Protein chains: 2
Amino acid sequence: MSVADELRIFGIPGIPEIVPGTDLAAVIFEAARRADRPLCSGDILVVTSKVVSKAEGRIVDLDTVEPSPFARQYAEAWDKDPRVVELVLREAKRVVRQVGPVLITETRHGFVCANSGVDQSSAGAAGRAVLLPLDPDASARRIREGLRERGLDVAVIISDTFGRPWREAQTDVAIGIAGMQPVVSYIGQKDPHGHEFRVQALCVADELAGAAELVKGNISRVPAAVIRGFPWTPDETATMRSIVRDPERDLFR
Amino acid sequence: MSVADELRIFGIPGIPEIVPGTDLAAVIFEAARRADRPLCSGDILVVTSKVVSKAEGRIVDLDTVEPSPFARQYAEAWDKDPRVVELVLREAKRVVRQVGPVLITETRHGFVCANSGVDQSSAGAAGRAVLLPLDPDASARRIREGLRERGLDVAVIISDTFGRPWREAQTDVAIGIAGMQPVVSYIGQKDPHGHEFRVQALCVADELAGAAELVKGNISRVPAAVIRGFPWTPDETATMRSIVRDPERDLFR
């Protein structure tokens, strides 16, 4: 894997409203063709997790959620919806920080983010919430497979918008991947003076997800983007779980 | 500021070795022209901090560094160069974590990263280390000004490669900016159902820096890249310091 000479990045407009059961590969393939921006083998397709969640039925009617006493107390103290707090806790493997109204959790996948990625604003109707996909790598593989059935060899990244410590504002990162490894490693390579490079591994999946955000926008209803020109080597074993840091190696738990 | 329709991202090859005093705007402008990829008004130019440091003489001959007793002890315990440890501590406002050989610090600018960004591998000769620019926003402004003198209105980002908690591998982020604000805010905007968006502010500067890394590569000696097509509004007050999170609001200090 080397460096791209030139990248082109563009959104796929005209993707219809996604409902449970929507075949994402099919609708994205068709929308790209209709927009006169057909997908090509070698492309990387970045899909916002929200539409993946919707296609997979990861939408919860809040009226069906019975909050625990802990969720009720916390929601009352900070003027939150106790049913949403309950969902955040159910989606969490662990609470990493709980300070005032801010709840930073570790998701079932091992990602650390605010509110387990539970999102009320994108639910498409009041009284509903969207949860992260159960297995975003599997979601990415299904889209990759659907595109392969249409004759295309396309790597797929599922992205979400996360905050981070120390730096204000959020960025898009990868939470699922299929077809390419998320990290490019320079380990063992040395500069002309014999020093190992200070940078040993780059998470290009996160950089690709962030780059795609620049054309998708977070509120512009363009849930998929194409990155053309980035060299990648097909690898069906890829998973974003490989970048989840081992708790033993993590200084900020 | 809205979303790009299509981005083009390409590296600028042929930039010569940078030495103290090099006029970066001049050499980048010329290299882009020679490569038949001339800069245009409206472009965003992303420059690797390493070459900025070199141009600004932020290179230290390690033989001139007298390590403190603390630096000596720590270096001996973990098989490090005590002079480099000394530089890391001098460049730090505060040690955030010191666990085994890993030293996470807050730089003079307020950024949190490993080893205060001190880099031995890029120093261009054994026995030297490169420090981060003293004021990367000012560095970016100087390059922007130099391009303006050549008739171009180009936003400039200075990038470096940082790790992050919870996720393995590194990504490029912005440490200096000129001409455009680093954050796009959605605060106060609501979805059709009246919910405020879960995502309230995106640090596009970090996403742009990461996108540029995809064509620069970290070891490929292409220290500058152009992002064409991203809409930005000229603003001479921009600074990356605005994304440094207030310690009061930071849960992971």
# chains A, B, ... in the order shown; residues from 1 in each chain; ligands from 1

call {"tool": "select_by_dssp", "arguments": {"residues": "region 40-210 of chain B", "states": "strand (DSSP E)", "output": "number ranges by chain"}}
result
B: 44-48, 59-61, 92-99, 102-107, 112-114, 128-130, 155-162, 171-178, 184-185, 201-202

call {"tool": "interface_residues", "arguments": {"of": "chain A", "to": "chain B", "cutoff": "6 Å", "atoms": "only C-alpha atoms", "output": "CSV table (one decimal) with C-alpha atoms, in the first residue's frame"}}
result
chain,number,residue,atom,x,y,z
A,3,VAL,CA,0.3,6.9,-1.1
A,4,ALA,CA,-2.3,8.3,-3.4
A,6,GLU,CA,-4.5,12.4,-6.3
A,7,LEU,CA,-7.8,11.7,-4.5
A,8,ARG,CA,-11.3,12.7,-5.6
A,9,ILE,CA,-13.9,12.7,-3.0
A,10,PHE,CA,-17.6,13.3,-3.7
A,121,SER,CA,-31.9,13.8,16.4
A,166,TRP,CA,-8.4,17.7,24.8
A,167,ARG,CA,-9.7,19.0,21.5
A,168,GLU,CA,-13.0,20.8,21.0
A,169,ALA,CA,-15.5,19.8,18.3
A,170,GLN,CA,-16.0,16.4,16.7
A,171,THR,CA,-14.7,14.5,13.7
A,195,HIS,CA,16.3,6.2,12.9
A,197,PHE,CA,10.2,6.8,12.1
A,201,ALA,CA,1.2,3.3,12.2
A,202,LEU,CA,-1.5,5.5,10.6
A,203,CYS,CA,-5.2,4.9,10.9
A,207,GLU,CA,-8.6,9.8,8.0
A,210,GLY,CA,-13.0,12.3,8.2
A,211,ALA,CA,-12.3,13.2,4.6
A,215,VAL,CA,-18.4,16.3,1.3
A,217,GLY,CA,-21.7,17.1,5.9
A,243,ILE,CA,-7.8,-0.4,16.4
A,244,VAL,CA,-9.6,-0.7,19.7
A,245,ARG,CA,-6.7,-0.2,22.2

call {"tool": "residues_around", "arguments": {"residues": "Val65 (chain A)", "least_positions_apart": "3", "cutoff": "9 Å", "atoms": "only C-alpha atoms", "output": "PyMOL selection string"}}
result
chain A and resi 60-62+83-84+86-87

call {"tool": "write_last_selection", "arguments": {"atoms": "N, CA and C atoms", "output": "PDB file, in the first residue's frame"}}
result
ATOM      1  N   VAL A  60     -35.389   2.590  18.032  1.00  0.00           N
ATOM      2  CA  VAL A  60     -36.173   2.183  19.187  1.00  0.00           C
ATOM      3  C   VAL A  60     -37.273   3.214  19.450  1.00  0.00           C
ATOM      4  N   ASP A  61     -38.470   2.723  19.598  1.00  0.00           N
ATOM      5  CA  ASP A  61     -39.593   3.557  20.031  1.00  0.00           C
ATOM      6  C   ASP A  61     -39.431   3.779  21.537  1.00  0.00           C
ATOM      7  N   LEU A  62     -39.231   5.036  21.918  1.00  0.00           N
ATOM      8  CA  LEU A  62     -38.901   5.315  23.326  1.00  0.00           C
ATOM      9  C   LEU A  62     -40.021   4.879  24.276  1.00  0.00           C
ATOM     10  N   ARG A  83     -35.664   7.584  29.322  1.00  0.00           N
ATOM     11  CA  ARG A  83     -35.675   6.449  28.384  1.00  0.00           C
ATOM     12  C   ARG A  83     -34.434   6.454  27.505  1.00  0.00           C
ATOM     13  N   VAL A  84     -33.972   7.658  27.135  1.00  0.00           N
ATOM     14  CA  VAL A  84     -32.739   7.750  26.340  1.00  0.00           C
ATOM     15  C   VAL A  84     -31.540   7.355  27.205  1.00  0.00           C
ATOM     16  N   GLU A  86     -31.562   5.316  29.631  1.00  0.00           N
ATOM     17  CA  GLU A  86     -31.634   3.864  29.759  1.00  0.00           C
ATOM     18  C   GLU A  86     -31.010   3.177  28.530  1.00  0.00           C
ATOM     19  N   LEU A  87     -31.329   3.679  27.352  1.00  0.00           N
ATOM     20  CA  LEU A  87     -30.749   3.096  26.124  1.00  0.00           C
ATOM     21  C   LEU A  87     -29.237   3.257  26.091  1.00  0.00           C
TER      22      LEU A  87
END

call {"tool": "residues_around", "arguments": {"residues": "Pro101 (chain B)", "least_positions_apart": "4", "cutoff": "9 Å", "atoms": "only C-alpha atoms", "output": "NGL selection string"}}
result
:B and (74-75 or 77-80)

call {"tool": "residues_around", "arguments": {"residues": "region 38-50 of chain A", "least_positions_apart": "2", "cutoff": "7 Å", "atoms": "only C-alpha atoms", "output": "ChimeraX atom specification"}}
result
/A:29,32-33,36,52-54,132,152-160,209,212,223-228
